[in-house]
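In what follows, a structure is listed as structure tokens, so that the remarks can point back to it.
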Amino acid sequence: MSTATLSPAAAKADTPIPLRAHLRHTGALIRRNLLWIRQDPESMFDAVLFPVIFTLLFVYVFGGSIGQSLGGGQDRYVQYVIPGLLAMMGMNMAQGVGTGFNQDFNSGVMDRFRSLPIGRGSVLFAKIAVELMRMLFASVVLMVVAVLVGYDIKHWPGLLASIGLSAVFGSALMWVFLTLGVVMKNAQSVQAMGFLVLMPLQFGSSIFAPPASMPGWLQAFTDYNPLSTLADTARGLMEGGPIAHDLWVTLIWSVGLTAIMAPVAIHKFRTKS
Amino acid sequence: MTRIDDNPTGVGHAVTVRGLVKHYGETKALDGVDLDVREGTVMGVLGPNGAGKTTLVRILSTLIAPDAGQATVAGYDVVRQPRQLRRVIGLTGQYASVDEKLPGWENLYLIGRLLDLSRKEARARADELLERFSLTEAARRPAGTYSGGMRRRLDLAASMIGRPAVLYLDEPTTGLDPRTRNEVWDEVKAMVGDGVTVLLTTQYMEEAEQLASELTVVDRGQVIAKGGIEELKAKVGGRTLRVRPLDPLQLRPLAHMLDELGITGLASTTLDTETSTLLVPILSDEQLTAVVGAVTARGITISAITTELPSLDEVFLSLTGHRASAPQDAAPADDRQEVAV
């Protein structure tokens with residue numbers, strides 16, 4: 001960059017930020033994002049409505065016929081689809097994170113944050129933390145609706161583990177959407193982009209229907225589609241059955257996405273002009 | 001070009017910029033800018049939209065990296081020591097950068113916490129600054145409900161939380177009505193009284209004269225003039241005196257009289273026949289007094305008399321020989337756009 005001579009102060013390296021300061025900054029920004037929700041409670045609508053609408057829609061519209069193919073009826077389908085929807089919750093919240101972030105950038109407030117002596121990731125970590133809280137809330141709503149439509153919780157630890165895994169994959173996806181939020185011009189394009197990417201992943205998966213009746217090429221896709229493996233892991237954890245392959249694929253996706261996209265998002269955040 | 005080369009007072013430089021370059025594709029937002037701001041002074045950076053003012057502020061506040069050149073603020077290098085640098089600066093943007101969804105108090109508390117104040121300190125500082133900027137009553141209301149002037153004051157308060165050594169004011173009054181503008185000016189003057197060094201960017205000669213002690217004039221990414229306010233004003237012709245005689249027929253005799261009067265250094269007068277006004281470029285208060293004295297002595301009845309500062313356009317015209325904004329070949333029409341590239 002600059003090849004000019006060093007001034008005395010420039011000889012010292014830049015001071016690192018202690019971990020405690022990082023936590024304090026992230027905490028302060030989490031508080032900010034929670035205050036947003038208090039200011040604008042409607043922003044929680046998606047967390048409430050999504051689980052309700054998807055559950056009712058799939059159970060009552062497709063439940064009977066898909067249930068038959070599973071060798072049962074609607075009851076059989078409820079047991080099938082609820083773990084899938086639960087697994088999807090992390091992804092669903094991830095979609096929104098880029099949109100809100102993008103709006104932040106278009107107001108001047110991000111400039112202020114970036115001109116403060118805080119860690120590069122604090123703003124992003126805080127955003128993810130609050131989205132995960134929203135996801136937990138949505139998961140609770142989902143399980144309440146699930147029980148109301150007749151879901152039988154057989155295995156509580158499995159249920160909690162599924163929520164945890166959905167959060168892990170969701171936060172990995174959030175880095176992707178945060179990157180989009182920083183890079184793209186406006187909130188609408190972030191939303192449209194998210195929809196385009198996630199729509200095929202979501203429906204080309206085992207979330208809503210068993211892939212057994214799908215054509216071979218699509219089955220090959222669903223085998224490694226992280227949303228499928230995530231849904232199947234959740235099913236295994238909640239209903240019983242083998243999970244090893246699905247769990248591994250899901251974890252590899254989560255770790256891989258995070259390892260690649262988190263540094264990209266933080267870098268883009270810092271260097272955005 | 002007038003340069004302040006030496007620093008006889010021995011006061012250190014709070015901001016030092018050497019050969020700063022930032023290009024956005026073909027657009028040269030900054031094309032080799034040098035700048036020194038002495039500690040405890042207000043440096044005005046005057047220029048039209050697209051001159052590179054905002055790019056300069058964004059580099060000096062570590063928001064963007066320069067393509068070439070060097071800049072230090074309070075001794076810290078913008079590229080190598082961004083974190084230390086961020087601790088000693090305050091930034092007030094062209095577009096008030098407060099969180100509109102958060103109440104005023106929460107905005108200030110948040111920034112206090114991000115600047116490593118304890119909860120107690122952050123609370124106390126938020127209360128104190130709201131009081132100082134007369135926002136206590138609106139403390140619990142979302143900043144989005146504030147008027148333009150209130151928002152700008154909250155923005156100033158936010159930039160003061162860390163007791164910065166250097167404060168950047170990027171067009172602090174753009175888009176404000178005259179009354180609110182005066183309010184903001186008063187706040188800025190009070191802050192300067194506290195000893196903070198200020199880098200002020202503005203499009204208004206009047207604002208620069210109100211707040212700055214020294215001035216750097218920029219155009220198309222380059223410094224075209226620098227020096228003390230008085231020095232530059234002398235250079236661009238100082239103020240303009242407008243005299244309108246009651247009887248329009250007196251206009252020409254009046255002009256002749258002033259031209260022949262031989263007031264030292266008085267430039268030639270011009271007539272504005274449309275408004276029956278005589279325009280006299282004035283360099284000093286002595287000249288102003290002499291002209292007014294001469295007019296009165298002649299017994300000519302005056303219906304209007306005003307003085308005005310040269311506009312940015314006039315400053316540019318006299319410094320560069322071209323108008324302030326030549327949109328076709330110059331940088332994009334405004335600084336904000338230039339940033340978005």
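Naming works like this for the structure tokens: A, B, ... for the chains as they're shown, residue 1 at the start of each chain, ligands 1 onward in shown order.
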Within 12 Å of range 15-36 of chain A, which residues of range 116-179 of chain B come that close, and what is the closest atom pair and distance in Å for each? Count only C-alpha atoms and give it as a tab-separated table.
residue	atom	partner	partner_atom	distance
B:Asp116	CA	A:Ala21	CA	7.1
B:Leu117	CA	A:Arg24	CA	9.9
B:Ser118	CA	A:Arg24	CA	9.6
B:Arg119	CA	A:Ala28	CA	10.0
B:Ala122	CA	A:Ala28	CA	11.1
B:Pro142	CA	A:Trp36	CA	10.1
Selection: 7 Å around range 58-65 of chain A, only C-alpha atoms, excl. self and same-chain fewer than 4 positions, as a count of residues only: 6
Can you list, as a compact mmCIF listing (two decimals) with N, CA and C atoms, in the first residue's frame, every residue of range 69-292 of chain B that DSSP puts in alpha helix (DSSP H)?
# COMPACT_ATOMS: atom_id res chain seq x y z
N PRO B 82 -5.22 0.93 12.42
CA PRO B 82 -6.61 1.41 12.39
C PRO B 82 -7.28 1.40 13.76
N ARG B 83 -7.00 0.38 14.60
CA ARG B 83 -7.73 0.30 15.86
C ARG B 83 -7.36 1.41 16.81
N GLN B 84 -6.06 1.68 16.91
CA GLN B 84 -5.65 2.78 17.78
C GLN B 84 -6.20 4.10 17.27
N LEU B 85 -6.18 4.22 15.96
CA LEU B 85 -6.67 5.46 15.35
C LEU B 85 -8.16 5.66 15.66
N ARG B 86 -8.93 4.55 15.55
CA ARG B 86 -10.37 4.67 15.79
C ARG B 86 -10.70 5.12 17.20
N ARG B 87 -9.77 4.87 18.12
CA ARG B 87 -10.01 5.25 19.49
C ARG B 87 -9.93 6.77 19.70
N GLY B 104 -32.79 7.89 21.47
CA GLY B 104 -31.56 8.67 21.52
C GLY B 104 -30.61 8.17 22.60
N TRP B 105 -31.16 7.92 23.77
CA TRP B 105 -30.32 7.48 24.89
C TRP B 105 -29.63 6.16 24.56
N GLU B 106 -30.37 5.23 23.97
CA GLU B 106 -29.81 3.92 23.64
C GLU B 106 -28.71 4.03 22.60
N ASN B 107 -28.88 4.96 21.66
CA ASN B 107 -27.83 5.20 20.67
C ASN B 107 -26.52 5.56 21.35
N LEU B 108 -26.60 6.48 22.31
CA LEU B 108 -25.38 6.95 22.96
C LEU B 108 -24.81 5.88 23.89
N TYR B 109 -25.69 5.17 24.60
CA TYR B 109 -25.25 4.11 25.51
C TYR B 109 -24.52 3.02 24.73
N LEU B 110 -25.11 2.64 23.59
CA LEU B 110 -24.49 1.60 22.75
C LEU B 110 -23.06 2.00 22.36
N ILE B 111 -22.90 3.23 21.91
CA ILE B 111 -21.57 3.65 21.47
C ILE B 111 -20.61 3.73 22.64
N GLY B 112 -21.11 4.15 23.80
CA GLY B 112 -20.28 4.15 25.01
C GLY B 112 -19.76 2.76 25.32
N ARG B 113 -20.65 1.76 25.21
CA ARG B 113 -20.24 0.38 25.49
C ARG B 113 -19.24 -0.11 24.44
N LEU B 114 -19.46 0.29 23.20
CA LEU B 114 -18.53 -0.13 22.14
C LEU B 114 -17.18 0.54 22.30
N ARG B 119 -20.67 -0.04 32.18
CA ARG B 119 -22.11 0.26 32.09
C ARG B 119 -22.43 1.60 32.75
N LYS B 120 -21.83 1.79 33.93
CA LYS B 120 -22.12 3.00 34.71
C LYS B 120 -21.62 4.24 33.97
N GLU B 121 -20.38 4.15 33.48
CA GLU B 121 -19.81 5.29 32.75
C GLU B 121 -20.62 5.59 31.50
N ALA B 122 -21.01 4.52 30.78
CA ALA B 122 -21.75 4.71 29.53
C ALA B 122 -23.09 5.38 29.80
N ARG B 123 -23.73 4.95 30.90
CA ARG B 123 -25.01 5.57 31.26
C ARG B 123 -24.82 7.05 31.57
N ALA B 124 -23.79 7.34 32.38
CA ALA B 124 -23.55 8.72 32.80
C ALA B 124 -23.21 9.60 31.59
N ARG B 125 -22.41 9.05 30.67
CA ARG B 125 -21.99 9.82 29.51
C ARG B 125 -23.18 10.09 28.59
N ALA B 126 -24.05 9.10 28.45
CA ALA B 126 -25.25 9.29 27.62
C ALA B 126 -26.12 10.40 28.20
N ASP B 127 -26.34 10.34 29.52
CA ASP B 127 -27.16 11.38 30.16
C ASP B 127 -26.54 12.76 29.97
N GLU B 128 -25.23 12.81 30.21
CA GLU B 128 -24.51 14.08 30.15
C GLU B 128 -24.58 14.71 28.75
N LEU B 129 -24.36 13.88 27.73
CA LEU B 129 -24.34 14.43 26.37
C LEU B 129 -25.74 14.79 25.88
N LEU B 130 -26.74 14.03 26.29
CA LEU B 130 -28.12 14.39 25.91
C LEU B 130 -28.47 15.74 26.50
N GLU B 131 -28.04 15.94 27.74
CA GLU B 131 -28.27 17.22 28.41
C GLU B 131 -27.59 18.35 27.65
N ARG B 132 -26.32 18.11 27.32
CA ARG B 132 -25.53 19.14 26.67
C ARG B 132 -26.08 19.52 25.31
N GLY B 148 -34.74 17.04 11.82
CA GLY B 148 -33.41 17.02 11.20
C GLY B 148 -32.33 17.58 12.11
N GLY B 149 -32.64 18.69 12.77
CA GLY B 149 -31.66 19.32 13.65
C GLY B 149 -31.37 18.46 14.86
N MET B 150 -32.41 17.85 15.43
CA MET B 150 -32.22 16.98 16.60
C MET B 150 -31.35 15.79 16.25
N ARG B 151 -31.61 15.24 15.06
CA ARG B 151 -30.85 14.07 14.64
C ARG B 151 -29.37 14.43 14.47
N ARG B 152 -29.14 15.61 13.89
CA ARG B 152 -27.77 16.06 13.69
C ARG B 152 -27.09 16.28 15.05
N ARG B 153 -27.86 16.80 16.00
CA ARG B 153 -27.28 17.01 17.34
C ARG B 153 -26.97 15.67 18.01
N LEU B 154 -27.88 14.70 17.82
CA LEU B 154 -27.61 13.37 18.38
C LEU B 154 -26.36 12.76 17.75
N ASP B 155 -26.23 12.99 16.47
CA ASP B 155 -25.06 12.51 15.73
C ASP B 155 -23.78 13.14 16.30
N LEU B 156 -23.84 14.45 16.55
CA LEU B 156 -22.68 15.13 17.15
C LEU B 156 -22.38 14.56 18.54
N ALA B 157 -23.44 14.36 19.32
CA ALA B 157 -23.27 13.80 20.66
C ALA B 157 -22.61 12.43 20.57
N ALA B 158 -23.08 11.61 19.62
CA ALA B 158 -22.52 10.27 19.46
C ALA B 158 -21.04 10.32 19.13
N SER B 159 -20.64 11.30 18.33
CA SER B 159 -19.24 11.37 17.95
C SER B 159 -18.37 11.91 19.08
N MET B 160 -19.00 12.46 20.13
CA MET B 160 -18.24 13.04 21.24
C MET B 160 -18.07 12.07 22.42
N PRO B 178 -31.74 27.32 7.77
CA PRO B 178 -30.77 28.26 8.34
C PRO B 178 -30.76 28.31 9.87
N ARG B 179 -31.92 28.20 10.49
CA ARG B 179 -31.96 28.29 11.94
C ARG B 179 -31.25 27.09 12.57
N THR B 180 -31.57 25.90 12.05
CA THR B 180 -30.94 24.68 12.56
C THR B 180 -29.45 24.70 12.29
N ARG B 181 -29.10 25.25 11.14
CA ARG B 181 -27.68 25.36 10.79
C ARG B 181 -26.94 26.18 11.85
N ASN B 182 -27.53 27.29 12.24
CA ASN B 182 -26.89 28.11 13.28
C ASN B 182 -26.75 27.35 14.58
N GLU B 183 -27.76 26.55 14.91
CA GLU B 183 -27.70 25.73 16.12
C GLU B 183 -26.49 24.80 16.08
N VAL B 184 -26.36 24.11 14.94
CA VAL B 184 -25.26 23.17 14.80
C VAL B 184 -23.92 23.90 14.88
N TRP B 185 -23.85 25.07 14.24
CA TRP B 185 -22.61 25.85 14.30
C TRP B 185 -22.25 26.18 15.74
N ASP B 186 -23.26 26.58 16.51
CA ASP B 186 -22.98 26.91 17.91
C ASP B 186 -22.42 25.71 18.65
N GLU B 187 -23.01 24.54 18.40
CA GLU B 187 -22.52 23.33 19.07
C GLU B 187 -21.07 23.05 18.68
N VAL B 188 -20.81 23.20 17.39
CA VAL B 188 -19.45 22.91 16.92
C VAL B 188 -18.46 23.89 17.56
N LYS B 189 -18.86 25.16 17.63
CA LYS B 189 -17.96 26.16 18.24
C LYS B 189 -17.68 25.80 19.70
N ALA B 190 -18.70 25.34 20.40
CA ALA B 190 -18.51 24.96 21.80
C ALA B 190 -17.54 23.79 21.90
N MET B 191 -17.66 22.83 20.97
CA MET B 191 -16.78 21.67 21.00
C MET B 191 -15.33 22.09 20.73
N VAL B 192 -15.18 23.02 19.78
CA VAL B 192 -13.83 23.50 19.47
C VAL B 192 -13.25 24.21 20.69
N GLY B 193 -14.11 24.91 21.43
CA GLY B 193 -13.69 25.56 22.66
C GLY B 193 -13.10 24.57 23.66
N MET B 205 -18.86 28.58 1.73
CA MET B 205 -17.84 29.53 2.18
C MET B 205 -18.24 30.09 3.53
N GLU B 206 -19.53 30.33 3.69
CA GLU B 206 -20.00 30.95 4.92
C GLU B 206 -19.72 30.04 6.12
N GLU B 207 -19.97 28.74 5.93
CA GLU B 207 -19.74 27.78 7.00
C GLU B 207 -18.25 27.72 7.35
N ALA B 208 -17.42 27.70 6.31
CA ALA B 208 -15.98 27.67 6.53
C ALA B 208 -15.56 28.91 7.31
N GLU B 209 -16.11 30.06 6.95
CA GLU B 209 -15.71 31.29 7.63
C GLU B 209 -16.17 31.29 9.09
N GLN B 210 -17.36 30.74 9.32
CA GLN B 210 -17.89 30.67 10.68
C GLN B 210 -17.04 29.80 11.59
N LEU B 211 -16.57 28.66 11.06
CA LEU B 211 -16.01 27.63 11.92
C LEU B 211 -14.50 27.44 11.78
N ILE B 229 -8.11 31.73 6.41
CA ILE B 229 -9.36 32.21 5.84
C ILE B 229 -9.21 33.61 5.24
N GLU B 230 -8.61 34.51 6.01
CA GLU B 230 -8.47 35.90 5.56
C GLU B 230 -7.64 35.96 4.27
N GLU B 231 -6.58 35.16 4.29
CA GLU B 231 -5.67 35.11 3.16
C GLU B 231 -6.41 34.70 1.88
N LEU B 232 -7.20 33.64 2.04
CA LEU B 232 -7.93 33.15 0.87
C LEU B 232 -9.02 34.11 0.45
N LYS B 233 -9.63 34.72 1.45
CA LYS B 233 -10.70 35.66 1.11
C LYS B 233 -10.13 36.82 0.32
N ALA B 234 -8.95 37.28 0.74
CA ALA B 234 -8.30 38.37 0.02
C ALA B 234 -8.04 37.92 -1.42
N LYS B 235 -7.65 36.68 -1.54
CA LYS B 235 -7.30 36.14 -2.84
C LYS B 235 -8.51 36.08 -3.78
N VAL B 236 -9.64 35.73 -3.21
CA VAL B 236 -10.82 35.58 -4.07
C VAL B 236 -11.68 36.84 -4.06
N LEU B 251 -27.05 55.55 -10.35
CA LEU B 251 -26.22 54.35 -10.36
C LEU B 251 -24.87 54.60 -11.03
N ARG B 252 -24.92 55.15 -12.26
CA ARG B 252 -23.67 55.36 -13.00
C ARG B 252 -22.76 56.41 -12.36
N PRO B 253 -23.34 57.56 -11.99
CA PRO B 253 -22.49 58.54 -11.31
C PRO B 253 -21.81 57.96 -10.08
N LEU B 254 -22.53 57.13 -9.36
CA LEU B 254 -22.00 56.53 -8.14
C LEU B 254 -20.82 55.63 -8.47
N ALA B 255 -20.98 54.84 -9.52
CA ALA B 255 -19.91 53.93 -9.94
C ALA B 255 -18.67 54.71 -10.33
N HIS B 256 -18.87 55.77 -11.11
CA HIS B 256 -17.74 56.61 -11.54
C HIS B 256 -17.02 57.20 -10.35
N MET B 257 -17.83 57.68 -9.43
CA MET B 257 -17.25 58.32 -8.25
C MET B 257 -16.33 57.34 -7.51
N LEU B 258 -16.83 56.12 -7.31
CA LEU B 258 -16.04 55.14 -6.56
C LEU B 258 -14.77 54.75 -7.30
N ASP B 259 -14.91 54.64 -8.64
CA ASP B 259 -13.73 54.28 -9.44
C ASP B 259 -12.66 55.37 -9.36
N GLU B 260 -13.13 56.62 -9.29
CA GLU B 260 -12.17 57.73 -9.31
C GLU B 260 -11.66 58.09 -7.93
N LEU B 261 -12.31 57.55 -6.95
CA LEU B 261 -11.99 57.92 -5.58
C LEU B 261 -10.60 57.47 -5.16
N ASP B 285 -12.24 45.82 6.05
CA ASP B 285 -13.22 46.65 6.72
C ASP B 285 -12.95 48.13 6.44
N GLU B 286 -11.66 48.49 6.27
CA GLU B 286 -11.29 49.88 5.98
C GLU B 286 -11.89 50.32 4.65
N GLN B 287 -11.77 49.43 3.67
CA GLN B 287 -12.34 49.75 2.35
C GLN B 287 -13.85 49.93 2.45
N LEU B 288 -14.47 49.02 3.22
CA LEU B 288 -15.92 49.10 3.38
C LEU B 288 -16.31 50.44 3.96
N THR B 289 -15.59 50.84 5.03
CA THR B 289 -15.89 52.12 5.68
C THR B 289 -15.68 53.28 4.72
N ALA B 290 -14.59 53.23 3.95
CA ALA B 290 -14.28 54.31 3.02
C ALA B 290 -15.38 54.44 1.96
N VAL B 291 -15.84 53.31 1.44
CA VAL B 291 -16.87 53.35 0.40
C VAL B 291 -18.17 53.93 0.96
N VAL B 292 -18.57 53.40 2.12
CA VAL B 292 -19.81 53.90 2.72
C VAL B 292 -19.69 55.39 3.02
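When only C-alpha atoms are used to compute distances to chain A, the closest of the residues B:Gly25, B:Pro66, B:Gly52, B:Gly175 turns out to be B:Pro66.
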Residues near Ser166 in chain A, anyone? I mean within 9 Å using only C-alpha atoms, not counting same-chain ones fewer than 6 positions away, as a compact mmCIF listing (two decimals) with C-alpha atoms, in the first residue's frame.
# COMPACT_ATOMS: atom_id res chain seq x y z
CA LEU A 86 -37.80 -28.30 12.71
CA ALA A 87 -34.59 -28.90 10.81
CA MET A 88 -35.57 -26.19 8.33
CA MET A 89 -36.03 -23.55 11.01
CA GLY A 90 -32.37 -22.49 11.08
CA MET A 91 -32.33 -22.03 7.33
CA LEU A 230 -30.32 -32.32 8.21
CA ALA A 231 -33.98 -33.36 8.05
CA ALA A 234 -33.50 -34.85 12.92
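Excluding range 244-249 of chain A itself and same-chain residues fewer than 3 positions from it, the residues having an atom within 8 Å of it are Tyr224, Pro226, Thr229, Leu230, Asp232, Thr233, Ile252 and Trp253 of chain A, counting only C-alpha atoms.
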Can I get the selection written as a PDB file, in the first residue's frame, with C-alpha atoms?
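That gives us out.pdb:
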ATOM      1  CA  TYR A 224     -25.981 -34.720  -0.324  1.00  0.00           C
ATOM      2  CA  PRO A 226     -27.632 -30.501   3.428  1.00  0.00           C
ATOM      3  CA  THR A 229     -29.387 -34.784   5.511  1.00  0.00           C
ATOM      4  CA  LEU A 230     -30.322 -32.317   8.214  1.00  0.00           C
ATOM      5  CA  ASP A 232     -33.051 -37.048   8.048  1.00  0.00           C
ATOM      6  CA  THR A 233     -30.721 -36.591  11.011  1.00  0.00           C
ATOM      7  CA  ILE A 252     -19.297 -31.172   6.901  1.00  0.00           C
ATOM      8  CA  TRP A 253     -21.578 -28.712   5.154  1.00  0.00           C
TER       9      TRP A 253
END
Residue among B:Thr92, B:Thr202, B:Thr270, B:Ser147 lying closest to Asn49 in chain B, counting only C-alpha atoms: B:Thr202
Can you tell me, as a PyMOL selection string, what residues are no more than 12 Å from Ala220 in chain A when counting only C-alpha atoms, ignoring any on the same chain fewer than 6 positions away? chain A and resi 204-206+211-212+214+228-229
Nearest to chain B: which of A:Met143, A:Met44, A:Val183, A:Ala94 is it, counting only C-alpha atoms?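 Among the listed residues, A:Val183 lies closest to chain B.
The spacing separating CA of Thr307 in chain B from CA of Leu241 in chain B amounts to 4.3 Å.
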Select, from B:Ile64, B:Leu56, B:Ile282, B:Ala304, the residue with the minimum atom-to-atom distance to chain A, counting only C-alpha atoms.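 Going through B:Ile64, B:Leu56, B:Ile282, B:Ala304 one by one, the smallest distance to chain A is for B:Ile64.
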